[in-house]
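See below for target_17.csv, which holds CSV, C-alpha atoms.
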chain,number,residue,atom,x,y,z
A,557,MET,CA,3.0,31.7,3.0
A,558,LYS,CA,6.4,33.3,1.9
A,559,LEU,CA,8.2,30.2,3.2
A,560,ASN,CA,5.8,27.8,1.4
A,561,THR,CA,6.2,29.8,-1.9
A,562,GLY,CA,10.0,29.7,-1.7
A,563,LEU,CA,10.2,26.0,-1.0
A,564,LEU,CA,7.7,25.3,-3.8
A,565,THR,CA,9.9,27.2,-6.2
A,566,ALA,CA,13.0,25.2,-5.1
A,567,PHE,CA,11.0,22.0,-5.4
A,568,LEU,CA,10.2,22.8,-9.0
A,569,ILE,CA,13.7,23.8,-10.0
A,570,LEU,CA,15.7,21.1,-8.3
A,571,PRO,CA,15.1,18.3,-10.8
A,572,VAL,CA,17.2,20.1,-13.4
A,573,PHE,CA,20.3,19.4,-11.3
A,574,ILE,CA,22.0,16.1,-10.7
A,575,VAL,CA,19.7,14.3,-8.2
A,576,SER,CA,20.1,11.1,-6.4
A,577,ALA,CA,17.4,9.5,-4.4
A,578,GLN,CA,17.5,5.7,-3.6
A,579,GLU,CA,15.4,3.9,-6.1
A,580,LYS,CA,13.2,1.1,-4.8
A,581,VAL,CA,14.6,1.4,-1.2
A,582,LEU,CA,12.0,1.0,1.6
A,583,THR,CA,13.4,2.1,5.0
A,584,ALA,CA,12.1,3.2,8.3
A,585,GLY,CA,13.4,5.8,10.8
A,586,VAL,CA,12.8,7.9,13.8
A,587,GLN,CA,12.8,11.7,14.3
A,588,VAL,CA,12.7,14.4,17.0
A,589,ARG,CA,11.8,18.0,16.2
A,590,PRO,CA,12.0,20.7,18.8
A,591,PHE,CA,10.2,24.0,17.9
A,592,PHE,CA,9.9,27.5,19.3
A,593,SER,CA,7.4,30.3,19.8
A,594,ASN,CA,7.6,32.9,17.1
A,595,LYS,CA,5.4,36.0,16.3
A,596,PHE,CA,6.0,35.7,12.6
A,597,PHE,CA,4.3,32.3,12.6
A,598,LYS,CA,1.4,33.5,14.7
A,599,THR,CA,2.7,31.7,17.8
A,600,GLY,CA,3.8,34.7,19.9
A,601,PRO,CA,2.3,35.9,23.2
A,602,GLN,CA,-1.3,37.2,23.1
A,603,LEU,CA,-2.4,39.9,25.6
A,604,LYS,CA,-6.0,41.1,26.3
A,605,ASP,CA,-7.6,43.2,29.0
A,606,SER,CA,-11.0,42.8,30.6
A,607,SER,CA,-12.1,45.3,33.2
A,608,ASN,CA,-9.4,45.3,35.9
A,609,VAL,CA,-7.9,41.9,34.8
A,610,SER,CA,-5.3,41.3,32.1
A,611,PHE,CA,-4.9,37.9,30.4
A,612,MET,CA,-1.8,36.6,28.6
A,613,VAL,CA,-1.3,33.3,26.7
A,614,THR,CA,2.3,32.6,25.8
A,615,PRO,CA,3.2,29.6,23.6
A,616,LYS,CA,6.4,27.9,24.7
A,617,GLY,CA,8.9,25.7,22.9
A,618,GLY,CA,7.4,22.3,22.1
A,619,TYR,CA,8.5,19.2,20.4
A,620,SER,CA,7.4,16.5,17.9
A,621,ALA,CA,8.6,12.9,17.9
A,622,GLY,CA,7.6,9.9,15.8
A,623,GLY,CA,8.4,7.3,13.2
A,624,ILE,CA,9.0,7.6,9.5
A,625,ILE,CA,8.7,5.3,6.5
A,626,ARG,CA,10.5,6.3,3.3
A,627,TYR,CA,10.2,4.7,-0.2
A,628,GLY,CA,12.5,5.6,-3.1
A,629,ILE,CA,10.2,5.9,-6.1
A,630,ASN,CA,13.0,6.5,-8.7
A,631,ASN,CA,16.4,8.2,-8.8
A,632,THR,CA,14.8,11.6,-8.3
A,633,LEU,CA,11.9,11.3,-5.9
A,634,SER,CA,11.1,9.6,-2.6
A,635,PHE,CA,7.9,9.4,-0.6
A,636,GLU,CA,7.6,9.7,3.2
A,637,THR,CA,4.9,9.0,5.6
A,638,GLY,CA,4.6,8.1,9.3
A,639,ILE,CA,3.0,9.3,12.5
A,640,ASN,CA,4.2,12.0,15.0
A,641,PHE,CA,3.3,13.0,18.5
A,642,ILE,CA,3.2,16.8,19.1
A,643,LYS,CA,3.2,18.6,22.4
A,644,ARG,CA,2.6,22.4,22.5
A,645,PRO,CA,3.0,23.9,26.0
A,646,HIS,CA,1.5,27.3,26.9
A,647,ASP,CA,1.9,29.6,29.8
A,648,LEU,CA,-1.2,31.4,31.2
A,649,THR,CA,-0.9,34.6,33.2
A,650,LEU,CA,-3.7,36.7,34.9
A,651,ASN,CA,-2.9,40.0,36.5
A,652,LYS,CA,-5.6,41.7,38.6
A,653,THR,CA,-5.1,45.5,39.0
A,654,THR,CA,-6.5,48.2,41.2
A,655,ASP,CA,-5.9,51.8,40.4
A,656,GLY,CA,-3.3,50.7,37.8
A,657,SER,CA,-1.3,48.6,40.3
A,658,ILE,CA,-1.1,44.8,40.2
A,659,VAL,CA,-2.7,43.3,43.3
A,660,ASN,CA,-2.8,39.7,42.4
A,661,THR,CA,-1.0,37.5,39.8
A,662,VAL,CA,-1.9,33.9,38.8
A,663,ASN,CA,0.5,31.8,36.7
A,664,THR,CA,-0.3,28.4,35.3
A,665,ASP,CA,0.3,26.4,32.2
A,666,PHE,CA,-1.4,23.9,29.9
A,667,SER,CA,-0.3,21.7,26.9
A,668,ALA,CA,-2.1,20.9,23.7
A,669,ILE,CA,-1.5,17.3,22.5
A,670,SER,CA,-2.0,16.3,18.8
A,671,TYR,CA,-0.9,13.7,16.3
A,672,GLU,CA,0.2,14.1,12.7
A,673,MET,CA,0.1,11.7,9.7
A,674,PRO,CA,2.1,13.4,6.9
A,675,ALA,CA,2.5,12.5,3.3
A,676,ASN,CA,5.6,14.2,1.7
A,677,MET,CA,7.4,14.1,-1.6
A,678,LEU,CA,11.2,14.6,-1.5
A,679,VAL,CA,13.8,15.7,-4.1
A,680,PHE,CA,17.5,15.0,-3.5
A,681,ILE,CA,20.7,16.6,-4.7
A,682,GLN,CA,23.9,14.7,-4.2
A,683,LEU,CA,26.6,17.1,-2.7
A,684,GLY,CA,29.3,14.6,-2.1
A,685,GLU,CA,30.0,10.9,-1.9
A,686,LYS,CA,27.8,10.5,1.2
A,687,LEU,CA,26.2,13.9,1.6
A,688,PHE,CA,22.8,14.7,0.2
A,689,MET,CA,20.5,17.7,0.3
A,690,ASP,CA,16.7,17.4,0.1
A,691,VAL,CA,13.6,19.6,-0.3
A,692,ALA,CA,10.2,18.2,0.7
A,693,LEU,CA,6.6,19.4,0.2
A,694,GLY,CA,3.5,17.6,1.4
A,695,VAL,CA,0.3,17.5,3.4
A,696,SER,CA,-0.7,16.2,6.7
A,697,LEU,CA,-3.8,15.1,8.7
A,698,ASP,CA,-3.6,16.5,12.2
A,699,PHE,CA,-5.7,14.9,15.0
A,700,TYR,CA,-6.6,16.6,18.3
A,701,PRO,CA,-7.9,14.0,20.8
A,702,SER,CA,-9.4,16.2,23.5
A,703,ASN,CA,-10.4,19.7,24.8
A,704,LEU,CA,-8.3,21.3,27.6
A,705,ASN,CA,-9.3,22.6,31.0
A,706,THR,CA,-7.4,24.0,34.0
A,707,ARG,CA,-8.8,25.5,37.1
A,708,GLY,CA,-7.5,27.5,40.1
A,709,GLU,CA,-8.9,29.4,43.0
A,710,TYR,CA,-9.3,32.6,41.0
A,711,PHE,CA,-9.6,31.4,37.4
A,712,ASN,CA,-11.1,28.9,35.0
A,713,HIS,CA,-9.5,28.0,31.6
A,714,TYR,CA,-11.1,26.1,28.7
A,715,SER,CA,-9.5,25.4,25.3
A,716,ILE,CA,-12.0,23.9,22.9
A,717,ARG,CA,-10.7,22.3,19.7
A,718,LYS,CA,-12.2,23.8,16.6
A,719,ASN,CA,-12.3,20.3,15.1
A,720,TRP,CA,-11.0,16.9,15.9
A,721,MET,CA,-9.0,16.8,12.7
A,722,PHE,CA,-7.4,19.4,10.4
A,723,PRO,CA,-5.5,19.3,7.1
A,724,ALA,CA,-2.1,21.0,7.1
A,725,VAL,CA,0.7,21.8,4.7
A,726,ASN,CA,4.3,20.7,5.3
A,727,ALA,CA,7.6,22.0,3.9
A,728,SER,CA,11.2,21.1,4.8
A,729,ILE,CA,14.8,21.4,3.8
A,730,GLY,CA,17.8,19.5,5.1
A,731,TYR,CA,21.0,17.5,4.7
A,732,GLU,CA,21.5,13.8,5.0
A,733,TRP,CA,24.7,11.8,5.6
A,734,ARG,CA,24.4,8.2,4.3
A,735,THR,CA,26.6,5.4,5.5
A,736,GLU,CA,26.8,1.9,4.0
A,737,LYS,CA,26.2,0.0,7.2
A,738,SER,CA,25.2,2.5,10.0
A,739,GLY,CA,22.1,4.1,8.3
A,740,TYR,CA,21.3,7.7,7.4
A,741,PHE,CA,21.7,10.8,9.6
A,742,TYR,CA,19.6,13.8,8.9
A,743,LEU,CA,19.6,17.5,10.1
A,744,GLY,CA,17.2,20.0,8.7
A,745,SER,CA,14.2,22.3,9.3
A,746,SER,CA,10.5,22.0,8.8
A,747,TYR,CA,7.5,24.3,8.6
A,748,HIS,CA,4.1,23.0,9.6
A,749,ASN,CA,1.0,25.0,8.8
A,750,PRO,CA,-2.6,23.8,9.7
A,751,LEU,CA,-5.2,25.4,7.5
A,752,ASN,CA,-7.1,26.8,10.5
A,753,ASP,CA,-6.6,27.8,14.1
A,754,ILE,CA,-6.7,24.7,16.3
A,755,TYR,CA,-8.3,25.9,19.6
A,756,ILE,CA,-10.5,28.6,21.0
A,757,THR,CA,-9.3,29.4,24.5
A,758,THR,CA,-11.6,31.1,27.0
A,759,ILE,CA,-10.3,32.4,30.3
A,760,GLY,CA,-12.7,33.5,33.1
A,761,TYR,CA,-12.0,34.6,36.7
A,762,TYR,CA,-13.8,34.8,40.1
A,763,GLU,CA,-14.5,38.2,41.6
A,764,ASP,CA,-16.5,38.8,44.8
A,765,GLY,CA,-17.6,35.2,44.7
A,766,ARG,CA,-19.0,35.5,41.1
A,767,TYR,CA,-17.6,34.0,38.0
A,768,GLN,CA,-16.8,36.6,35.3
A,769,THR,CA,-16.2,35.6,31.7
A,770,GLY,CA,-12.8,37.1,30.7
A,771,GLN,CA,-11.3,36.9,27.2
A,772,GLN,CA,-11.1,34.5,24.2
A,773,PHE,CA,-7.9,33.6,22.2
A,774,LEU,CA,-7.4,31.7,19.0
A,775,LEU,CA,-4.5,29.3,19.2
A,776,SER,CA,-2.4,28.5,16.1
A,777,GLY,CA,-0.8,25.2,15.3
A,778,ASN,CA,1.9,26.6,13.1
A,779,TYR,CA,5.5,25.8,14.0
A,780,LEU,CA,9.1,26.0,12.6
A,781,SER,CA,11.2,23.1,13.9
A,782,VAL,CA,14.8,21.8,13.9
A,783,ASP,CA,14.7,18.2,12.6
A,784,PHE,CA,16.9,15.4,13.8
A,785,ARG,CA,16.3,12.1,12.0
A,786,TYR,CA,17.9,8.6,11.8
A,787,PHE,CA,17.0,6.0,9.1
A,788,PHE,CA,18.0,2.4,9.3
A,789,HIS,CA,20.1,1.1,6.4
A,790,GLN,CA,18.3,-1.0,3.8
A,791,TYR,CA,19.2,-2.4,0.4
A,792,PRO,CA,17.0,-1.9,-2.6
A,793,LEU,CA,14.0,-4.3,-2.7
A,794,LYS,CA,15.3,-6.0,-5.8
A,795,LYS,CA,18.6,-6.7,-4.2
A,796,GLN,CA,16.9,-8.0,-1.0
A,797,LYS,CA,14.9,-10.4,-3.2
A,798,GLU,CA,18.1,-11.6,-5.0
A,799,LYS,CA,19.7,-12.3,-1.6
A,800,LYS,CA,16.8,-14.4,-0.5
A,801,ASN,CA,16.9,-16.5,-3.7

Could the structure of this file be written out as structure tokens, please?
Amino acid sequence: MKLNTGLLTAFLILPVFIVSAQEKVLTAGVQVRPFFSNKFFKTGPQLKDSSNVSFMVTPKGGYSAGGIIRYGINNTLSFETGINFIKRPHDLTLNKTTDGSIVNTVNTDFSAISYEMPANMLVFIQLGEKLFMDVALGVSLDFYPSNLNTRGEYFNHYSIRKNWMFPAVNASIGYEWRTEKSGYFYLGSSYHNPLNDIYITTIGYYEDGRYQTGQQFLLSGNYLSVDFRYFFHQYPLKKQKEKKN
């Protein structure tokens, strides 16, 4: 919430500076966004105990990749949309103890797959002849295609999606280097915040031939990413039309 508030403030003040989007330019691009586990964003390790078994779910670094379409509305604002594939890997650890000593350890992993369809508004500041800074705010529809299940000799794991689709909030800041013929190169950072937890994870285990229900965890879909983007160079739509004539 602090990050969203700060970026919203920046978004509101930036138009008073000299800004430079690309009016009437429609272009497409690609992006790759690695992201990392962080307790501050509710994606740190979670540990719970049940009887003589401890359970730990640890989100690992994931990534997002996809395509972008950008349209320059005027000399101040641009609009972006597209579709992204997201992979969120997790480690799962079970430790069985007797008299305080670990007698058996099970390690496995699972990955949550989802898709995002964002709609973002961008404001640009021109810092140099080819260098631009931008701040973006927007929303996204996040889609979760399936539930998750992994099994082993001693355990059973289910992650049930809380819904097949969630709305989310996006915020980003970055820098873009624009060339006349080779396209635009972008480096920045994004924060993605679904408006609810995305999965309910239940982990059970087998003891003396019987299945025991263990613990439940709520999995968050928040992430802070490093963004690498490339946009193909395009002329304004009016200029493209003049060239065809």

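Using only C-alpha atoms, the smallest distance between any of A:Tyr755, A:Trp720, A:Phe699, A:Tyr747 and Ser667 of chain A comes from A:Tyr755.
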
Q. What lies within 9 Å of Asn705 of chain A using all atoms listed in the file, ignoring chain neighbours under 6 positions off, as JSON, numbers by chain?
A. {"A": [666, 712, 713, 714, 715, 716]}

What's the 10 Å shell around Phe741 of chain A, counting only C-alpha atoms, without same-chain residues fewer than 5 positions away, as a compact mmCIF listing (two decimals) with C-alpha atoms, keeping the file's coordinate frame?
# COMPACT_ATOMS: atom_id res chain seq x y z
CA GLY A 585 13.40 5.80 10.80
CA LEU A 687 26.20 13.90 1.60
CA TYR A 731 21.00 17.50 4.70
CA GLU A 732 21.50 13.80 5.00
CA TRP A 733 24.70 11.80 5.60
CA ARG A 734 24.40 8.20 4.30
CA THR A 735 26.60 5.40 5.50
CA PHE A 784 16.90 15.40 13.80
CA ARG A 785 16.30 12.10 12.00
CA TYR A 786 17.90 8.60 11.80
CA PHE A 787 17.00 6.00 9.10
CA PHE A 788 18.00 2.40 9.30

Q.
Here is a test: counting all atoms listed in the file, which residue of A:Phe641, A:Phe680, A:Phe722, A:Phe611 is nearest to Gly777 of chain A?
A. A:Phe722

Residue contacts of Val662 of chain A (8 Å, all atoms listed in the file) excluding same-chain residues fewer than 6 positions away, as a tab-separated table (two decimals) with C-alpha atoms, in the coordinates of the input:
chain	number	residue	atom	x	y	z
A	649	THR	CA	-0.90	34.60	33.20
A	650	LEU	CA	-3.70	36.70	34.90
A	651	ASN	CA	-2.90	40.00	36.50
A	710	TYR	CA	-9.30	32.60	41.00

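Shortest separation to Leu693 of chain A among A:Glu636, A:Asp647, A:Asp753, A:Asp665 occurs at residue A:Glu636, atoms counted being only C-alpha atoms.
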
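Taking only C-alpha atoms into account, Asn726 of chain A lies nearest to A:Gly694 out of the set A:Gly618, A:Pro590, A:Gly694, A:Gly600.
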
Q) What does the distance from atom CA of Tyr762 of chain A to atom CA of Leu603 of chain A come to in Å, to one decimal? A) 19.1 Å

**Q.** A:Leu648, A:Glu685, A:Met721, A:Ile629 ranked by distance to Met673 of chain A, top pick (using all atoms listed in the file)
**A.**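 Counting all atoms listed in the file, the residue closest to Met673 of chain A is A:Met721.
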